[in-house]
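Written out below as structure tokens is the structure these notes cover.
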Amino acid sequence: MELRQINYFIEVATREHMTEAADALHVAQSAVSRQIVNLENELGVDLFIREGRRVKLTPLGKIFLERIKHARNVIDDATREVKEYLDPEKGTIRIAFPISLAAHTLPSAISSFRMYYPEAKFQLKQGLYNDLIDGVAKGDFNMALIGPVPLEEKKVNRKILFTENVVALLPIHHPLADRTSLRLRELKDDPFVLLPEGFVFRDIVIKACKNVGFQPQIAFEGDDIDALKGLVSAGLGVTLMPEVTLVESLSRSTVKIPLIEPNVTRTVGVITPKERVLLPTEQLFYEFIQEFFGRLSEFKE
């Protein structure tokens with residue numbers, strides 16, 4: 001089995017089309033078809049169901065795809081590791097993150113890191129909470145910022161970087177907008193705007209409301225933090241947000257107010273694989289962010 005065959009197989013499996021895969025690989029369609037047939041002959045099974053030039057994976061093909069993607073990640077990491085040992089300050093860091101850490105937390109850390117290691121490169125991927133954990137475990141990437149930090153996961157190591165407050169975000173003309181602090185229960189009759197189901201922060205908000213005796217009335221959902229800010233700014237509801245998401249972009253039409261009852265918080269940290277070591281440049285960044293957020297926490301105190 002050749003690495004070329006593996007790359008061709010993954011491209012065809014992803015696109016489900018021989019011609020489109022060939023175009024993406026910049027080779028002739030006949031060359032792709034020939035390599036796929038050779039691979040199937042070598043394995044002794046059909047990996048695809050043919051429908052003209054469009055194809056679909058067989059059940060065995062789906063299993064093979066999952067395993068071979070992991071194998072290619074290992075090969076890619078091995079190649080990068082050899083190069084980075086020669087010069088770790090010029091390597092590449094693959095890191096994933098949730099939407100709530102995209103605007104300020106991760107960019108701040110990267111900007112500071114690049115001051116020390118200006119030739120380091122980053123490959124960034126945004127993902128949902130469970131996808132971040134699965135991606136690190138499977139080798140899609142070796143590191144992910146995450147919030148909240150999972151309590152226990154068998155295949156990932158976890159490190160808390162800091163704990164942040166969750167605050168209320170209200171329209172500026174809300175009756176409680178001039179308050180210096182709020183009890184969450186005071187918002188029980190307000191419409192809420194929240195992230196859709198599947199976002200862990202949505203669960204944090206709903207749980208906090210239930211803990212003080214009410215089920216939030218969800219009037220609108222938005223796919224990202226900026227959408228929620230816009231809905232609140234338009235006076236369509238209230239929400240809770242991690243304070244870090246409001247550091248640099250608080251609309252003049254909204255106000256953020258600390259919560260005192262309950263004090264809602266979220267841990268933010270980094271997860272890494274238990275079954276793989278970080279590559280040299282990734283290890284540099286891993287150690288750096290612990291120091292970086294440690295200094296920020298000390299400054300706040």
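All residue names refer to the structure tokens as shown: chains lettered A, B, ... in order, residues numbered from 1 in each chain, ligands numbered from 1 in order.
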Exercise for the section: Using backbone DSSP assignments, extract all helix (DSSP H, G or I) residues from stretch 12-185 of chain A; output them as a PyMOL selection string. Expected result: chain A and resi 12-15+18-25+29-43+59-86+88-90+99-101+105-116+129-138+184-185
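Within the 9 Å cut-off around stretch 37-40 of chain A, using only C-alpha atoms and omitting residues fewer than 3 positions from it on the same chain, the listed residues are A:Met1, A:Glu2, A:Gln5, A:Ile6, A:Phe9, A:Val32, A:Ser33, A:Arg34, A:Leu43, A:Gly44, A:Val45, A:Asp46, A:Leu47, A:Phe48.
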May I have the residues from that selection written out with N, CA, C and O atoms, as a PDB file, in the first residue's frame?
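The resulting file, result_36.pdb, is shown below:
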```pdb
ATOM      1  N   MET A   1       0.851  -1.198   0.000  1.00  0.00           N
ATOM      2  CA  MET A   1       0.000   0.000   0.000  1.00  0.00           C
ATOM      3  C   MET A   1       0.881   1.239   0.000  1.00  0.00           C
ATOM      4  O   MET A   1       1.792   1.366   0.816  1.00  0.00           O
ATOM      5  N   GLU A   2       0.629   2.147  -0.922  1.00  0.00           N
ATOM      6  CA  GLU A   2       1.428   3.348  -1.066  1.00  0.00           C
ATOM      7  C   GLU A   2       0.708   4.553  -0.457  1.00  0.00           C
ATOM      8  O   GLU A   2      -0.528   4.597  -0.414  1.00  0.00           O
ATOM      9  N   GLN A   5      -1.764   6.055  -2.821  1.00  0.00           N
ATOM     10  CA  GLN A   5      -3.066   5.388  -2.841  1.00  0.00           C
ATOM     11  C   GLN A   5      -3.943   5.862  -1.687  1.00  0.00           C
ATOM     12  O   GLN A   5      -5.143   6.082  -1.850  1.00  0.00           O
ATOM     13  N   ILE A   6      -3.324   6.018  -0.527  1.00  0.00           N
ATOM     14  CA  ILE A   6      -4.069   6.476   0.650  1.00  0.00           C
ATOM     15  C   ILE A   6      -4.634   7.874   0.408  1.00  0.00           C
ATOM     16  O   ILE A   6      -5.806   8.145   0.688  1.00  0.00           O
ATOM     17  N   PHE A   9      -7.459   7.723  -2.098  1.00  0.00           N
ATOM     18  CA  PHE A   9      -8.656   7.117  -1.496  1.00  0.00           C
ATOM     19  C   PHE A   9      -9.386   8.123  -0.609  1.00  0.00           C
ATOM     20  O   PHE A   9     -10.611   8.272  -0.690  1.00  0.00           O
ATOM     21  N   VAL A  32      -6.478   8.262 -10.878  1.00  0.00           N
ATOM     22  CA  VAL A  32      -7.153   8.070  -9.593  1.00  0.00           C
ATOM     23  C   VAL A  32      -7.914   6.749  -9.594  1.00  0.00           C
ATOM     24  O   VAL A  32      -7.817   5.948  -8.650  1.00  0.00           O
ATOM     25  N   SER A  33      -8.672   6.490 -10.649  1.00  0.00           N
ATOM     26  CA  SER A  33      -9.452   5.251 -10.740  1.00  0.00           C
ATOM     27  C   SER A  33      -8.543   4.031 -10.664  1.00  0.00           C
ATOM     28  O   SER A  33      -8.863   3.046  -9.978  1.00  0.00           O
ATOM     29  N   ARG A  34      -7.403   4.096 -11.358  1.00  0.00           N
ATOM     30  CA  ARG A  34      -6.478   2.958 -11.368  1.00  0.00           C
ATOM     31  C   ARG A  34      -5.918   2.690  -9.972  1.00  0.00           C
ATOM     32  O   ARG A  34      -5.836   1.541  -9.535  1.00  0.00           O
ATOM     33  N   LEU A  43      -6.459  -5.100  -1.000  1.00  0.00           N
ATOM     34  CA  LEU A  43      -7.205  -5.408   0.218  1.00  0.00           C
ATOM     35  C   LEU A  43      -8.155  -6.588   0.034  1.00  0.00           C
ATOM     36  O   LEU A  43      -8.560  -7.227   1.009  1.00  0.00           O
ATOM     37  N   GLY A  44      -8.550  -6.823  -1.213  1.00  0.00           N
ATOM     38  CA  GLY A  44      -9.467  -7.921  -1.479  1.00  0.00           C
ATOM     39  C   GLY A  44     -10.916  -7.612  -1.172  1.00  0.00           C
ATOM     40  O   GLY A  44     -11.732  -8.524  -0.983  1.00  0.00           O
ATOM     41  N   VAL A  45     -11.279  -6.327  -1.133  1.00  0.00           N
ATOM     42  CA  VAL A  45     -12.661  -5.922  -0.863  1.00  0.00           C
ATOM     43  C   VAL A  45     -13.002  -4.712  -1.729  1.00  0.00           C
ATOM     44  O   VAL A  45     -12.115  -4.001  -2.207  1.00  0.00           O
ATOM     45  N   ASP A  46     -14.308  -4.480  -1.923  1.00  0.00           N
ATOM     46  CA  ASP A  46     -14.763  -3.259  -2.585  1.00  0.00           C
ATOM     47  C   ASP A  46     -14.895  -2.155  -1.540  1.00  0.00           C
ATOM     48  O   ASP A  46     -15.570  -2.321  -0.524  1.00  0.00           O
ATOM     49  N   LEU A  47     -14.236  -1.034  -1.796  1.00  0.00           N
ATOM     50  CA  LEU A  47     -14.320   0.112  -0.892  1.00  0.00           C
ATOM     51  C   LEU A  47     -15.427   1.078  -1.297  1.00  0.00           C
ATOM     52  O   LEU A  47     -15.911   1.846  -0.471  1.00  0.00           O
ATOM     53  N   PHE A  48     -15.819   1.023  -2.581  1.00  0.00           N
ATOM     54  CA  PHE A  48     -16.807   1.970  -3.098  1.00  0.00           C
ATOM     55  C   PHE A  48     -17.916   1.250  -3.860  1.00  0.00           C
ATOM     56  O   PHE A  48     -17.700   0.189  -4.454  1.00  0.00           O
TER      57      PHE A  48
END
```
Practice task
Tell me which protein, DNA and RNA residues are within 10 Å of A:Gln217, counting only C-alpha atoms, leaving out same-chain ones fewer than 2 positions away, and put them as a ChimeraX atom specification.
Solution key: /A:187-194,206,214-215,219-220,237
Serialized selection, C-alpha atoms, as a short mmCIF file (atom, residue, chain, number, x, y, z; two decimals), in the first residue's frame:
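The result, stored in result.cif:
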```cif
data_model
loop_
_atom_site.label_atom_id
_atom_site.label_comp_id
_atom_site.auth_asym_id
_atom_site.auth_seq_id
_atom_site.Cartn_x
_atom_site.Cartn_y
_atom_site.Cartn_z
CA LEU A 187 -34.64 37.81 34.56
CA LYS A 188 -37.15 34.95 34.86
CA ASP A 189 -39.88 36.81 32.94
CA ASP A 190 -37.58 38.01 30.15
CA PRO A 191 -37.22 36.32 26.75
CA PHE A 192 -33.76 34.77 26.34
CA VAL A 193 -31.63 34.54 23.22
CA LEU A 194 -29.33 31.51 23.27
CA ILE A 206 -30.23 26.72 31.19
CA PHE A 214 -37.07 28.92 36.50
CA GLN A 215 -36.90 27.62 32.93
CA ALA A 219 -37.34 33.54 22.13
CA PHE A 220 -34.50 33.39 19.58
CA GLY A 237 -34.18 39.44 24.61
#
```
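Within stretch 18-105 of chain A, DSSP applied to the backbone places the following residues in strand (DSSP E): A:Phe48, A:Ile49, A:Arg50, A:Glu51, A:Arg54, A:Val55, A:Lys56, A:Leu57, A:Thr92, A:Ile93, A:Arg94, A:Ile95, A:Ala96, A:Phe97.
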Selection above as a file: all heavy atoms, as a CSV table (one decimal), in the first residue's frame:
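Dumped to out.csv:
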```csv
chain,number,residue,atom,x,y,z
A,48,PHE,N,-15.8,1.0,-2.6
A,48,PHE,CA,-16.8,2.0,-3.1
A,48,PHE,C,-17.9,1.2,-3.9
A,48,PHE,O,-17.7,0.2,-4.5
A,48,PHE,CB,-16.2,3.0,-4.0
A,48,PHE,CG,-15.2,3.9,-3.4
A,48,PHE,CD1,-13.8,3.7,-3.5
A,48,PHE,CD2,-15.7,5.0,-2.7
A,48,PHE,CE1,-12.9,4.6,-2.9
A,48,PHE,CE2,-14.8,5.9,-2.1
A,48,PHE,CZ,-13.4,5.7,-2.2
A,49,ILE,N,-19.1,1.8,-3.8
A,49,ILE,CA,-20.2,1.5,-4.7
A,49,ILE,C,-20.1,2.5,-5.9
A,49,ILE,O,-20.2,3.7,-5.7
A,49,ILE,CB,-21.5,1.5,-4.0
A,49,ILE,CG1,-21.5,0.6,-2.8
A,49,ILE,CG2,-22.7,1.2,-5.0
A,49,ILE,CD1,-22.7,0.7,-1.9
A,50,ARG,N,-20.0,2.0,-7.1
A,50,ARG,CA,-19.9,2.9,-8.3
A,50,ARG,C,-21.2,3.3,-8.8
A,50,ARG,O,-22.1,2.4,-9.0
A,50,ARG,CB,-19.1,2.2,-9.4
A,50,ARG,CG,-17.6,2.5,-9.3
A,50,ARG,CD,-16.9,1.7,-8.3
A,50,ARG,NE,-15.4,1.8,-8.4
A,50,ARG,CZ,-14.6,1.2,-7.5
A,50,ARG,NH1,-15.1,0.4,-6.5
A,50,ARG,NH2,-13.3,1.3,-7.7
A,51,GLU,N,-21.4,4.6,-9.1
A,51,GLU,CA,-22.6,5.1,-9.8
A,51,GLU,C,-22.1,6.0,-10.8
A,51,GLU,O,-22.2,7.3,-10.7
A,51,GLU,CB,-23.5,5.8,-8.8
A,51,GLU,CG,-24.1,4.8,-7.7
A,51,GLU,CD,-24.8,5.6,-6.6
A,51,GLU,OE1,-24.9,6.8,-6.7
A,51,GLU,OE2,-25.4,4.9,-5.7
A,54,ARG,N,-19.7,9.1,-9.9
A,54,ARG,CA,-20.0,9.3,-8.5
A,54,ARG,C,-19.9,8.0,-7.8
A,54,ARG,O,-20.3,7.0,-8.3
A,54,ARG,CB,-21.4,9.9,-8.4
A,54,ARG,CG,-21.7,10.4,-7.0
A,54,ARG,CD,-22.9,11.3,-7.0
A,54,ARG,NE,-22.6,12.6,-7.6
A,54,ARG,CZ,-21.9,13.5,-7.0
A,54,ARG,NH1,-21.5,13.3,-5.7
A,54,ARG,NH2,-21.6,14.7,-7.6
A,55,VAL,N,-19.4,8.1,-6.6
A,55,VAL,CA,-19.2,6.8,-5.8
A,55,VAL,C,-19.6,7.1,-4.3
A,55,VAL,O,-19.8,8.2,-3.9
A,55,VAL,CB,-17.7,6.4,-5.7
A,55,VAL,CG1,-17.2,6.1,-7.1
A,55,VAL,CG2,-16.8,7.6,-5.1
A,56,LYS,N,-19.9,6.0,-3.7
A,56,LYS,CA,-20.3,6.0,-2.2
A,56,LYS,C,-19.5,4.9,-1.6
A,56,LYS,O,-19.2,3.8,-2.1
A,56,LYS,CB,-21.8,5.8,-2.0
A,56,LYS,CG,-22.6,7.0,-2.5
A,56,LYS,CD,-24.1,6.8,-2.1
A,56,LYS,CE,-24.9,8.0,-2.5
A,56,LYS,NZ,-24.5,9.2,-1.8
A,57,LEU,N,-19.1,5.1,-0.3
A,57,LEU,CA,-18.3,4.1,0.4
A,57,LEU,C,-19.2,3.0,0.8
A,57,LEU,O,-20.4,3.1,1.2
A,57,LEU,CB,-17.8,4.8,1.7
A,57,LEU,CG,-16.6,5.7,1.6
A,57,LEU,CD1,-16.4,6.5,2.9
A,57,LEU,CD2,-15.3,5.0,1.2
A,92,THR,N,4.7,24.2,13.0
A,92,THR,CA,3.3,24.5,12.8
A,92,THR,C,2.5,23.9,14.0
A,92,THR,O,2.8,22.8,14.5
A,92,THR,CB,2.8,23.8,11.5
A,92,THR,OG1,3.4,24.4,10.4
A,92,THR,CG2,1.3,24.1,11.4
A,93,ILE,N,1.6,24.7,14.5
A,93,ILE,CA,0.8,24.4,15.6
A,93,ILE,C,-0.7,24.2,15.1
A,93,ILE,O,-1.3,25.1,14.6
A,93,ILE,CB,0.8,25.4,16.7
A,93,ILE,CG1,2.2,25.6,17.3
A,93,ILE,CG2,-0.2,25.1,17.8
A,93,ILE,CD1,2.6,26.9,17.8
A,94,ARG,N,-1.2,23.0,15.2
A,94,ARG,CA,-2.6,22.8,14.8
A,94,ARG,C,-3.4,22.8,16.1
A,94,ARG,O,-3.2,22.0,17.0
A,94,ARG,CB,-2.8,21.4,14.2
A,94,ARG,CG,-2.1,21.3,12.8
A,94,ARG,CD,-2.5,20.0,12.1
A,94,ARG,NE,-2.0,18.8,12.9
A,94,ARG,CZ,-2.4,17.6,12.7
A,94,ARG,NH1,-3.3,17.3,11.8
A,94,ARG,NH2,-1.9,16.6,13.5
A,95,ILE,N,-4.3,23.8,16.2
A,95,ILE,CA,-5.1,23.9,17.4
A,95,ILE,C,-6.6,24.2,17.0
A,95,ILE,O,-6.8,25.0,16.1
A,95,ILE,CB,-4.5,25.0,18.3
A,95,ILE,CG1,-5.3,25.1,19.6
A,95,ILE,CG2,-4.5,26.4,17.6
A,95,ILE,CD1,-4.6,26.0,20.7
A,96,ALA,N,-7.5,23.6,17.8
A,96,ALA,CA,-8.9,23.9,17.5
A,96,ALA,C,-9.5,24.7,18.7
A,96,ALA,O,-8.9,24.8,19.8
A,96,ALA,CB,-9.7,22.5,17.4
A,97,PHE,N,-10.7,25.2,18.5
A,97,PHE,CA,-11.2,26.1,19.5
A,97,PHE,C,-12.8,26.2,19.3
A,97,PHE,O,-13.3,26.0,18.2
A,97,PHE,CB,-10.6,27.5,19.4
A,97,PHE,CG,-10.7,28.1,18.1
A,97,PHE,CD1,-11.8,28.9,17.8
A,97,PHE,CD2,-9.8,27.8,17.1
A,97,PHE,CE1,-11.9,29.5,16.5
A,97,PHE,CE2,-9.9,28.3,15.8
A,97,PHE,CZ,-10.9,29.2,15.5
```
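Closest to A:Leu228 among A:Ala144, A:Val270, A:Leu169, A:Val264 is A:Leu169, based on only C-alpha atoms.
Taking only C-alpha atoms into account, A:Asn73 lies nearest to A:Leu3 out of the set A:Met115, A:Leu3, A:Ala21, A:Ala31.
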Practice task
Would you mind telling me which residue in A:Gln290, A:Thr272, A:Thr180, A:Gln283 lies nearest to A:Glu81 when using only C-alpha atoms?
Solution key: A:Gln283
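If only C-alpha atoms are the atoms counted, then among A:Ala22, A:Ile257, A:Leu278, A:Leu176 the closest residue to A:Pro242 is A:Ile257.
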Handout entry: Between atom CA of A:Gly269 and atom CA of A:Met143, distance in Å (one decimal)
Key = 10.5 Å
